[in-house]
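Containing compact mmCIF, C-alpha atoms: input33.txt.
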# COMPACT_ATOMS: atom_id res chain seq x y z
CA MET U 24 143.66 69.79 87.86
CA SER U 25 141.92 71.14 90.90
CA ALA U 26 139.95 69.31 93.56
CA THR U 27 136.86 70.78 91.94
CA ARG U 28 137.29 68.44 89.02
CA ARG U 29 137.57 65.44 91.31
CA GLN U 30 134.33 66.48 92.98
CA VAL U 31 132.64 66.73 89.59
CA LEU U 32 133.83 63.26 88.63
CA ALA U 33 132.70 61.82 91.94
CA ARG U 34 129.22 63.25 91.46
CA SER U 35 129.07 61.86 87.93
CA GLY U 36 130.02 58.32 88.99
CA ALA U 37 133.09 58.31 86.75
CA LEU U 38 135.53 57.30 89.45
CA GLY U 39 137.16 53.92 89.33
CA VAL U 40 136.38 53.06 85.72
CA GLY U 41 138.98 51.81 83.28
CA ILE U 42 139.98 53.39 80.01
CA ALA U 43 139.04 52.09 76.60
CA PHE U 44 139.92 53.74 73.31
CA THR U 45 138.13 53.49 70.01
CA GLY U 46 138.74 55.26 66.76
CA ALA U 47 141.33 55.96 64.13
CA LEU U 48 144.42 55.91 66.33
CA SER U 49 146.59 55.11 63.33
CA GLU U 50 145.57 58.45 61.83
CA LEU U 51 147.45 60.25 64.57
CA PHE U 52 150.76 58.77 63.48
CA ALA U 53 150.30 58.03 59.78
CA GLY U 54 153.32 58.94 57.71
CA THR U 55 155.66 59.19 60.68
CA ALA U 56 158.66 56.97 61.32
CA ALA U 57 157.20 56.05 64.69
CA ALA U 58 154.08 54.67 63.07
CA GLN U 59 156.12 52.09 61.23
CA SER U 60 157.78 50.61 64.31
CA LEU U 61 155.20 50.29 67.03
CA GLY U 62 154.99 47.30 69.31
CA HIS U 63 151.64 45.64 70.03
CA THR U 64 151.98 45.26 73.78
CA GLY U 65 153.11 47.27 76.77
CA TYR U 66 156.27 46.80 78.77
CA GLY U 67 154.96 44.28 81.28
CA PRO U 68 153.43 44.58 84.75
CA LEU U 69 154.34 47.41 87.07
CA VAL U 70 156.85 46.52 89.76
CA PRO U 71 156.24 48.03 93.23
CA ASP U 72 158.90 50.60 94.07
CA PRO U 73 160.60 49.73 97.39
CA ASN U 74 161.13 53.47 97.94
CA GLY U 75 157.42 54.16 97.59
CA LEU U 76 157.68 56.80 94.87
CA LEU U 77 157.06 55.47 91.35
CA ASP U 78 156.11 51.99 90.12
CA LEU U 79 157.47 51.13 86.65
CA PRO U 80 157.78 48.03 84.44
CA LYS U 81 160.83 45.82 84.87
CA GLY U 82 163.90 47.28 83.20
CA PHE U 83 162.84 50.89 83.69
CA ARG U 84 164.26 53.21 86.30
CA TYR U 85 163.57 56.72 87.49
CA LYS U 86 165.51 59.65 88.82
CA VAL U 87 163.94 62.32 91.01
CA LEU U 88 164.91 65.65 89.50
CA SER U 89 163.07 67.99 91.83
CA ARG U 90 160.60 67.96 94.74
CA GLU U 91 158.45 70.69 96.16
CA GLY U 92 159.84 72.28 99.30
CA ASP U 93 163.48 71.63 98.39
CA GLN U 94 165.68 74.64 97.76
CA LEU U 95 165.96 75.87 94.19
CA ARG U 96 169.56 75.57 93.04
CA SER U 97 169.47 79.24 92.09
CA GLY U 98 168.98 80.19 95.74
CA GLU U 99 165.79 82.09 94.86
CA GLY U 100 163.66 80.15 97.34
CA LYS U 101 161.91 76.80 97.59
CA VAL U 102 160.65 74.60 94.76
CA PRO U 103 156.96 75.60 94.38
CA SER U 104 154.02 73.22 94.67
CA ASN U 105 151.44 71.88 92.19
CA HIS U 106 153.65 70.67 89.32
CA ASP U 107 151.59 70.69 86.14
CA GLY U 108 152.23 71.12 82.39
CA MET U 109 155.81 70.78 81.17
CA THR U 110 157.95 70.61 78.04
CA ALA U 111 161.47 69.40 77.22
CA LEU U 112 163.40 71.65 74.83
CA PRO U 113 166.81 70.89 73.27
CA GLY U 114 169.86 72.76 74.51
CA ARG U 115 173.49 72.91 73.50
CA HIS U 116 175.92 70.01 73.98
CA GLY U 117 173.15 67.47 74.57
CA ARG U 118 171.51 69.43 77.35
CA VAL U 119 167.75 69.50 77.92
CA HIS U 120 165.73 72.44 79.20
CA LEU U 121 162.64 71.48 81.20
CA VAL U 122 160.07 74.22 81.71
CA ARG U 123 157.52 73.34 84.38
CA ASN U 124 154.22 75.02 85.26
CA HIS U 125 152.97 75.50 88.81
CA GLU U 126 149.17 75.58 88.97
CA ASN U 127 149.10 77.69 92.12
CA ARG U 128 145.95 79.38 93.34
CA PRO U 129 145.81 82.00 96.11
CA THR U 130 145.67 79.18 98.69
CA ALA U 131 148.86 77.45 97.47
CA ALA U 132 151.29 76.56 100.24
CA LEU U 133 154.45 77.08 98.19
CA ALA U 134 154.28 80.00 95.76
CA VAL U 135 156.69 80.56 92.91
CA PRO U 136 159.25 82.94 94.45
CA THR U 137 159.04 86.51 93.16
CA VAL U 138 162.13 87.60 91.24
CA LYS U 139 162.81 91.11 89.97
CA GLY U 140 162.18 91.37 86.25
CA LEU U 141 160.30 88.04 86.16
CA THR U 142 157.21 88.87 88.24
CA TYR U 143 153.93 89.95 86.65
CA ASP U 144 151.73 90.43 89.73
CA PRO U 145 153.33 90.11 93.18
CA ALA U 146 150.01 88.73 94.48
CA GLY U 147 150.06 85.81 92.02
CA LYS U 148 151.47 82.55 93.37
CA GLY U 149 151.78 80.69 90.06
CA GLY U 150 154.40 80.66 87.36
CA CYS U 151 157.12 78.42 85.92
CA THR U 152 160.45 77.03 86.96
CA ALA U 153 163.16 75.92 84.54
CA LEU U 154 165.61 73.04 84.95
CA THR U 155 168.67 72.43 82.78
CA LEU U 156 169.82 68.80 82.57
CA ASP U 157 172.95 67.24 81.16
CA SER U 158 172.98 64.16 78.92
CA ARG U 159 172.69 61.90 81.99
CA ASP U 160 169.65 63.79 83.33
CA ASP U 161 171.67 65.30 86.14
CA VAL U 162 170.31 68.72 87.14
CA LEU U 163 172.75 71.50 86.28
CA SER U 164 170.48 74.39 87.25
CA GLU U 165 166.98 75.09 88.54
CA ARG U 166 165.53 78.59 88.67
CA VAL U 167 162.41 80.72 88.49
CA ALA U 168 161.39 81.35 84.87
CA ILE U 169 158.30 83.51 85.50
CA ALA U 170 156.43 84.45 88.68
CA GLY U 171 153.37 86.39 89.76
CA THR U 172 151.01 84.61 87.39
CA ALA U 173 148.04 82.46 88.43
CA VAL U 174 146.86 78.87 87.96
CA ASN U 175 149.48 78.01 85.33
CA CYS U 176 148.01 74.77 84.04
CA ALA U 177 149.40 73.78 80.65
CA GLY U 178 150.61 75.59 77.53
CA GLY U 179 152.86 74.41 74.74
CA PRO U 180 156.28 74.75 73.12
CA THR U 181 157.03 77.09 70.23
CA PRO U 182 159.02 76.17 67.09
CA TRP U 183 161.64 78.72 68.16
CA GLY U 184 162.42 77.00 71.47
CA THR U 185 160.35 78.84 74.06
CA TRP U 186 157.37 77.81 76.20
CA LEU U 187 153.94 79.45 76.25
CA THR U 188 152.48 79.11 79.74
CA CYS U 189 148.73 79.49 80.14
CA GLU U 190 146.71 80.89 83.06
CA GLU U 191 143.57 78.86 83.72
CA THR U 192 141.62 81.66 85.40
CA GLU U 193 139.64 84.78 84.56
CA ASP U 194 140.18 86.65 87.82
CA LYS U 195 140.52 90.39 87.48
CA ALA U 196 142.48 92.86 89.57
CA GLY U 197 140.85 93.16 92.97
CA THR U 198 139.75 89.50 93.00
CA ASN U 199 141.53 87.16 95.41
CA GLY U 200 143.96 89.94 96.22
CA TYR U 201 145.34 90.21 92.68
CA THR U 202 146.68 93.59 91.61
CA LYS U 203 146.43 92.87 87.87
CA ASP U 204 144.02 91.07 85.54
CA HIS U 205 144.75 87.40 84.90
CA GLY U 206 143.77 84.86 82.26
CA PHE U 207 146.63 85.40 79.81
CA ILE U 208 149.39 83.53 77.99
CA PHE U 209 153.03 84.39 78.74
CA GLU U 210 156.16 83.44 76.79
CA VAL U 211 159.07 81.89 78.71
CA ASP U 212 162.65 81.60 77.49
CA PRO U 213 164.18 78.61 79.34
CA VAL U 214 167.76 79.64 78.61
CA ASP U 215 167.49 83.25 79.82
CA PRO U 216 164.08 84.01 81.36
CA HIS U 217 164.95 87.70 81.64
CA ARG U 218 164.88 87.91 77.83
CA SER U 219 161.19 87.02 77.85
CA GLY U 220 160.29 88.74 81.13
CA ALA U 221 156.71 88.67 82.41
CA VAL U 222 154.68 90.25 79.63
CA PRO U 223 151.07 89.07 79.01
CA LEU U 224 150.25 88.30 75.39
CA THR U 225 146.98 90.21 75.59
CA ALA U 226 145.97 89.85 71.93
CA MET U 227 145.80 86.08 72.43
CA GLY U 228 142.80 86.53 74.70
CA ARG U 229 141.89 86.58 78.37
CA PHE U 230 140.03 83.43 79.36
CA GLN U 231 140.54 80.08 81.11
CA HIS U 232 143.47 78.99 78.99
CA GLU U 233 144.60 75.37 78.96
CA ALA U 234 146.99 74.47 76.13
CA ILE U 235 148.33 75.68 72.79
CA ALA U 236 149.76 74.19 69.60
CA ILE U 237 151.46 76.06 66.77
CA ASP U 238 151.21 75.35 63.05
CA PRO U 239 154.94 75.49 62.17
CA ARG U 240 154.32 76.48 58.54
CA ARG U 241 151.66 79.15 58.98
CA GLY U 242 152.58 80.38 62.44
CA ILE U 243 148.95 80.09 63.61
CA VAL U 244 148.51 79.38 67.32
CA TYR U 245 145.62 77.13 68.39
CA GLU U 246 144.30 77.50 71.94
CA THR U 247 141.98 75.45 74.16
CA GLU U 248 139.73 76.78 76.91
CA ASP U 249 139.18 74.59 79.96
CA ALA U 250 135.68 75.31 81.25
CA PHE U 251 133.96 72.40 83.00
CA LEU U 252 130.84 74.32 84.05
CA LYS U 253 128.40 75.88 81.61
CA PRO U 254 128.91 78.00 79.56
CA PHE U 255 131.61 75.73 78.21
CA GLY U 256 134.81 76.71 76.49
CA LEU U 257 135.72 77.37 72.88
CA PHE U 258 138.48 76.27 70.53
CA TYR U 259 140.47 79.25 69.25
CA ARG U 260 143.07 80.20 66.72
CA PHE U 261 145.34 83.25 66.86
CA LEU U 262 146.53 84.78 63.59
CA PRO U 263 149.74 86.63 64.55
CA ASN U 264 150.83 89.81 62.84
CA ARG U 265 154.33 88.29 62.74
CA PRO U 266 153.74 84.67 61.70
CA GLU U 267 157.46 84.12 61.14
CA GLY U 268 157.79 83.73 64.90
CA GLY U 269 160.75 84.23 67.17
CA LEU U 270 161.09 85.28 70.80
CA GLY U 271 158.76 88.20 71.46
CA SER U 272 157.03 88.04 68.08
CA LEU U 273 153.62 87.28 69.60
CA ARG U 274 153.69 90.64 71.38
CA ALA U 275 153.12 92.26 67.98
CA GLY U 276 149.46 91.27 68.23
CA GLY U 277 147.09 89.62 65.81
CA ARG U 278 143.49 88.40 65.48
CA LEU U 279 141.80 85.98 67.87
CA GLN U 280 139.07 83.80 66.39
CA ALA U 281 136.79 81.04 67.69
CA MET U 282 135.78 77.87 65.86
CA ARG U 283 132.24 77.43 64.58
CA VAL U 284 131.22 74.01 63.28
CA PRO U 285 128.03 74.60 61.26
CA GLY U 286 125.10 72.81 62.84
CA VAL U 287 127.08 71.68 65.92
CA PRO U 288 126.55 73.91 68.97
CA ASP U 289 128.21 71.41 71.36
CA LEU U 290 130.91 68.89 70.40
CA SER U 291 129.58 66.39 72.94
CA LEU U 292 126.70 65.74 70.54
CA ILE U 293 129.12 63.84 68.30
CA GLN U 294 129.67 60.28 69.54
CA GLU U 295 130.92 58.24 66.57
CA THR U 296 134.60 58.10 65.68
CA GLY U 297 135.27 59.13 62.13
CA ALA U 298 132.49 61.74 62.16
CA CYS U 299 133.68 64.50 59.85
CA PHE U 300 132.60 68.11 59.34
CA GLU U 301 133.56 70.18 56.32
CA GLY U 302 133.53 73.94 56.02
CA VAL U 303 134.61 74.80 59.55
CA GLU U 304 134.31 78.54 60.12
CA TRP U 305 136.39 80.93 62.23
CA VAL U 306 134.71 83.94 63.78
CA ASP U 307 136.49 87.00 65.16
CA VAL U 308 136.25 87.33 68.94
CA PRO U 309 134.45 90.61 69.66
CA ASP U 310 136.46 91.47 72.80
CA PRO U 311 139.55 89.29 73.36
CA LEU U 312 140.30 91.06 76.67
CA ALA U 313 136.85 90.18 78.02
CA ALA U 314 136.55 93.59 79.64
CA GLN U 315 132.87 93.13 80.49
CA THR U 316 131.85 89.66 79.29
CA PRO U 317 133.78 86.37 79.25
CA VAL U 318 134.73 85.47 75.69
CA ARG U 319 132.63 82.29 75.60
CA LEU U 320 129.54 84.39 76.49
CA GLN U 321 130.07 87.10 73.89
CA ASP U 322 127.81 87.63 70.88
CA PHE U 323 129.11 85.67 67.89
CA GLY U 324 126.15 86.47 65.69
CA PRO U 325 122.89 84.67 64.89
CA LYS U 326 124.67 81.40 64.03
CA GLY U 327 126.22 81.22 67.50
CA ILE U 328 129.48 79.42 68.23
CA THR U 329 130.58 75.83 69.02
CA HIS U 330 131.22 74.99 72.68
CA ALA U 331 132.77 71.96 74.41
CA GLN U 332 133.26 70.96 78.03
CA LYS U 333 136.81 70.55 79.37
CA LEU U 334 138.97 71.35 76.35
CA GLU U 335 142.44 70.37 77.53
CA GLY U 336 145.47 69.01 75.65
CA CYS U 337 146.43 70.46 72.28
CA TYR U 338 149.27 69.43 69.99
CA TRP U 339 150.38 69.64 66.36
CA GLY U 340 150.95 66.44 64.38
CA GLY U 341 151.70 66.12 60.66
CA LYS U 342 149.53 68.72 58.93
CA SER U 343 146.82 68.99 61.57
CA VAL U 344 146.13 70.18 65.09
CA TYR U 345 144.67 67.76 67.65
CA PHE U 346 142.80 68.78 70.78
CA VAL U 347 141.28 66.93 73.71
CA SER U 348 137.86 67.24 75.31
CA SER U 349 138.54 65.59 78.64
CA PHE U 350 134.93 64.71 79.45
CA ALA U 351 131.33 65.88 79.04
CA ARG U 352 128.52 65.48 81.57
CA SER U 353 124.88 66.23 80.82
CA ALA U 354 124.45 66.84 84.56
CA ASP U 355 126.72 69.86 84.13
CA GLY U 356 124.81 71.12 81.09
CA SER U 357 126.55 69.32 78.22
CA ALA U 358 124.33 68.16 75.39
CA ALA U 359 125.54 64.56 75.89
CA ASP U 360 127.94 62.47 77.99
CA HIS U 361 131.35 61.14 77.06
CA PHE U 362 134.56 60.08 78.83
CA GLY U 363 136.91 61.93 76.50
CA GLN U 364 137.47 62.76 72.85
CA ILE U 365 140.38 63.66 70.61
CA TRP U 366 139.55 65.86 67.62
CA ARG U 367 141.64 66.56 64.54
CA TYR U 368 141.40 69.81 62.59
CA ASP U 369 142.93 69.98 59.11
CA PRO U 370 143.45 73.68 58.29
CA SER U 371 143.99 73.15 54.56
CA ALA U 372 140.69 71.29 54.15
CA ARG U 373 138.86 73.22 56.92
CA ARG U 374 137.80 69.78 58.15
CA LEU U 375 137.14 68.62 61.72
CA THR U 376 137.18 64.88 62.52
CA LEU U 377 136.52 62.95 65.73
CA VAL U 378 139.38 60.45 65.75
CA ILE U 379 139.41 58.94 69.26
CA VAL U 380 136.73 58.32 71.87
CA PHE U 381 137.65 57.41 75.45
CA GLY U 382 135.17 55.32 77.40
CA PRO U 383 134.52 53.20 80.48
CA ASP U 384 135.87 49.69 80.63
CA THR U 385 135.62 46.90 83.16
CA ASP U 386 139.31 46.13 83.68
CA VAL U 387 139.81 46.97 87.34
CA GLN U 388 143.56 46.56 86.94
CA LEU U 389 143.60 49.78 84.92
CA PRO U 390 141.46 52.19 86.94
CA GLY U 391 141.33 55.27 84.78
CA GLU U 392 139.31 58.31 83.97
CA SER U 393 139.23 61.01 81.35
CA PRO U 394 142.39 62.07 79.50
CA ASP U 395 144.28 65.07 80.83
CA ASN U 396 147.84 65.94 79.80
CA ILE U 397 148.71 63.92 76.73
CA CYS U 398 151.72 63.63 74.42
CA LEU U 399 153.02 61.65 71.48
CA ALA U 400 155.51 58.96 72.44
CA PRO U 401 158.63 58.03 70.42
CA SER U 402 157.31 54.44 70.26
CA GLY U 403 154.51 55.66 68.03
CA GLY U 404 151.66 55.89 70.50
CA LEU U 405 150.29 58.20 73.14
CA MET U 406 151.11 58.79 76.77
CA VAL U 407 148.11 59.91 78.82
CA CYS U 408 148.16 61.30 82.36
CA GLU U 409 145.40 60.13 84.67
CA ASP U 410 143.56 62.59 86.91
CA GLY U 411 141.09 61.79 89.68
CA ASN U 412 140.61 59.72 92.81
CA GLY U 413 142.03 56.26 93.38
CA ALA U 414 145.24 54.89 91.88
CA GLN U 415 146.92 57.26 89.44
CA HIS U 416 148.72 56.12 86.29
CA VAL U 417 150.47 57.23 83.17
CA PHE U 418 148.85 55.07 80.48
CA GLY U 419 150.42 54.20 77.18
CA VAL U 420 148.22 53.70 74.14
CA THR U 421 149.40 51.97 70.99
CA ARG U 422 148.09 53.15 67.63
CA HIS U 423 146.10 49.90 67.56
CA GLY U 424 144.15 51.07 70.58
CA GLU U 425 145.79 48.80 73.15
CA VAL U 426 146.17 50.34 76.60
CA TYR U 427 148.92 49.57 79.10
CA ALA U 428 150.06 51.05 82.39
CA MET U 429 153.43 52.79 82.05
CA ALA U 430 153.75 54.23 85.56
CA ARG U 431 151.84 54.35 88.84
CA ASN U 432 152.19 56.96 91.56
CA ALA U 433 153.23 55.22 94.79
CA GLN U 434 153.30 58.31 97.01
CA ASN U 435 150.40 57.90 99.42
CA ILE U 436 149.21 61.33 100.53
CA GLY U 437 146.27 59.88 102.44
CA THR U 438 146.36 57.36 105.29
CA PRO U 439 147.02 53.60 105.35
CA GLU U 440 143.28 53.06 105.91
CA ALA U 441 142.20 55.57 103.23
CA PRO U 442 145.07 55.91 100.74
CA GLU U 443 145.13 58.70 98.18
CA TRP U 444 147.51 59.47 95.36
CA GLY U 445 148.15 62.67 93.43
CA GLU U 446 147.56 62.90 89.71
CA PHE U 447 150.22 62.86 87.00
CA ALA U 448 150.81 65.86 84.73
CA GLY U 449 153.19 67.29 82.20
CA VAL U 450 154.30 64.08 80.50
CA THR U 451 156.87 64.83 77.80
CA PHE U 452 159.91 63.22 76.15
CA SER U 453 163.49 64.33 75.69
CA PRO U 454 164.42 65.47 72.18
CA ASP U 455 166.23 62.16 71.56
CA GLY U 456 163.25 60.12 72.82
CA GLN U 457 165.32 58.28 75.43
CA THR U 458 163.77 59.82 78.56
CA MET U 459 160.20 60.38 79.65
CA TYR U 460 159.74 63.30 82.01
CA VAL U 461 156.60 63.47 84.10
CA ASN U 462 155.30 65.34 87.14
CA CYS U 463 153.42 64.15 90.16
CA TYR U 464 151.10 67.05 90.96
CA THR U 465 150.99 66.40 94.73
CA PRO U 466 153.46 66.21 96.32
CA GLY U 467 155.13 68.12 93.51
CA THR U 468 157.76 65.76 92.10
CA THR U 469 159.48 65.71 88.71
CA PHE U 470 160.78 62.36 87.45
CA ALA U 471 163.04 61.31 84.59
CA VAL U 472 162.22 57.77 83.42
CA THR U 473 164.65 55.76 81.30
CA GLY U 474 164.65 52.18 80.09
CA PRO U 475 164.17 49.96 77.03
CA TRP U 476 161.89 52.28 75.06
CA ARG U 477 160.92 50.63 71.80
CA ARG U 478 161.42 52.55 68.61
Translate this file's structure into structure tokens.
Amino acid sequence: MSATRRQVLARSGALGVGIAFTGALSELFAGTAAAQSLGHTGYGPLVPDPNGLLDLPKGFRYKVLSREGDQLRSGEGKVPSNHDGMTALPGRHGRVHLVRNHENRPTAALAVPTVKGLTYDPAGKGGCTALTLDSRDDVLSERVAIAGTAVNCAGGPTPWGTWLTCEETEDKAGTNGYTKDHGFIFEVDPVDPHRSGAVPLTAMGRFQHEAIAIDPRRGIVYETEDAFLKPFGLFYRFLPNRPEGGLGSLRAGGRLQAMRVPGVPDLSLIQETGACFEGVEWVDVPDPLAAQTPVRLQDFGPKGITHAQKLEGCYWGGKSVYFVSSFARSADGSAADHFGQIWRYDPSARRLTLVIVFGPDTDVQLPGESPDNICLAPSGGLMVCEDGNGAQHVFGVTRHGEVYAMARNAQNIGTPEAPEWGEFAGVTFSPDGQTMYVNCYTPGTTFAVTGPWRR
């Protein structure tokens, strides 16, 4: 995330706290093979890396796949900065395709290089790069996958093997030098980016996109909106005209709707895990392109709409979609305070449940903040990227609610007297579950972590 978020956290006094988790963690993994084979502890203390890059538990090792400023293997230019959301998609012959976002604003030092046929707006510095790895995590290729977009934060994979990259901005043409409107989702084909091109999926809305998750049976796309200042974001679903999917299918359009929880104008009001709401409603968005008014400010009728601060990660698990509210601060206008929530929406029952609450803890050995990028781990738990000031970790969480440090960023971008470390982002696992891939946001570094992962 941006420095703005760190400033917000500093003002709120949230820096330097630890992470605690309460709630129905087992619900996230019920019925899965992973849920039946989860260990109860972490992998041991972190061992300082003599190379000063990444601290890991004993027995684990890392490989640096890519660093900002190095030359792309395609020869298209330098590896861009601000490594953010990422996915690992299966390829042929045991290969893995990594698609990596670059959350570049107009001030970014290293833009995604513009490439003919892959550039949306030449003034945009964001986009994605794609790496192809062999079975040993050696990099076979690295190239631009889309360019000319802006503030590419997160997104999500599709069931048909592409990546949906999301712009976390609402800037229009003429703002910050842009020549086109921004705030869209774009589809990226990691195998041949020219097949997907640089086409905005306009029917899916123009707002501060964060992440997506797709219902593989119905083809419905769920979308989060990351707005940390009031008016806060909404949780959306997109009903595609071609729910069968496939590369380019989302260009056929569809209906964008926002979630309304009757009687709940702000999700931060709900504090108890297990709180459940039946009869969730979905309301058509009046103007998905937000030509005059941002979507979250539009008129949704006399019943209003349900808002939430900092809607971030989104993923599909079992028969439900899960989404993260990273934090809520009454000082910013939220109805109540919290350090993070995970919500579960069951489409068949039209039921919304608060399943996990993140909160402050006193363990100074695990200095953590609100959840950011998050993924399911093959061991049956979660991996959570930390974002903020102070030491930065990837935390593991067992389904019993136990927290352990999986990795710590050792790259000091401050001074010896006032050290500073960049956040983690884009944590994801290889299709076979044997490798964890994760980004350091600053300096942009992509790691492959292997070791004795427990099944």
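For Leu163 (chain U), the list of residues within 12 Å, based on all atoms listed in the file and with local chain neighbours fewer than 3 positions off taken out, reads Leu88, Ser89, Leu95, Arg96, Ser97, Arg118, Val119, His120, Leu121, Ala153, Leu154, Thr155, Leu156, Asp157, Ser158, Arg159, Asp160 and Arg166 of chain U.
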Counting all atoms listed in the file, give me one row per residue of region 396-433 of chain U with an atom at most 8 Å from an atom of region 331-344 of chain U, showing the shortest contact pair and its distance in Å to one decimal, sorted by chain then residue number, as a tab-separated table.
residue	atom	partner	partner_atom	distance
U:Asn396	CA	U:Gly336	CA	5.7
U:Ile397	CA	U:Gly336	CA	6.1
U:Cys398	CA	U:Tyr338	CA	7.7
Excluding same-chain residues fewer than 6 positions from Thr316 (chain U), what lies within 12 Å of it counting all atoms listed in the file, as JSON, numbers by chain? {"U": [193, 195, 229, 230, 308, 309, 310, 322]}
Need the neighbours of (151.2, 53.0, 76.4): which residues are at most 9 Å away, counting only C-alpha atoms, as a PyMOL selection string? chain U and resi 64-66+400+402+404-407+417-421+425-429
Give me the residues within 9 Å of Glu246 (chain U) as a PyMOL selection string, counting only C-alpha atoms and dropping any in the same chain fewer than 4 places off. chain U and resi 178+227+232-237+257-261+337+346
Give me a file of those residues, with C-alpha atoms, as a PDB file, in the coordinates of the input.
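Produced file again24.pdb, reproduced below:
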ATOM      1  CA  GLY U 178     150.610  75.590  77.530  1.00  0.00           C
ATOM      2  CA  MET U 227     145.800  86.080  72.430  1.00  0.00           C
ATOM      3  CA  HIS U 232     143.470  78.990  78.990  1.00  0.00           C
ATOM      4  CA  GLU U 233     144.600  75.370  78.960  1.00  0.00           C
ATOM      5  CA  ALA U 234     146.990  74.470  76.130  1.00  0.00           C
ATOM      6  CA  ILE U 235     148.330  75.680  72.790  1.00  0.00           C
ATOM      7  CA  ALA U 236     149.760  74.190  69.600  1.00  0.00           C
ATOM      8  CA  ILE U 237     151.460  76.060  66.770  1.00  0.00           C
ATOM      9  CA  LEU U 257     135.720  77.370  72.880  1.00  0.00           C
ATOM     10  CA  PHE U 258     138.480  76.270  70.530  1.00  0.00           C
ATOM     11  CA  TYR U 259     140.470  79.250  69.250  1.00  0.00           C
ATOM     12  CA  ARG U 260     143.070  80.200  66.720  1.00  0.00           C
ATOM     13  CA  PHE U 261     145.340  83.250  66.860  1.00  0.00           C
ATOM     14  CA  CYS U 337     146.430  70.460  72.280  1.00  0.00           C
ATOM     15  CA  PHE U 346     142.800  68.780  70.780  1.00  0.00           C
TER      16      PHE U 346
END
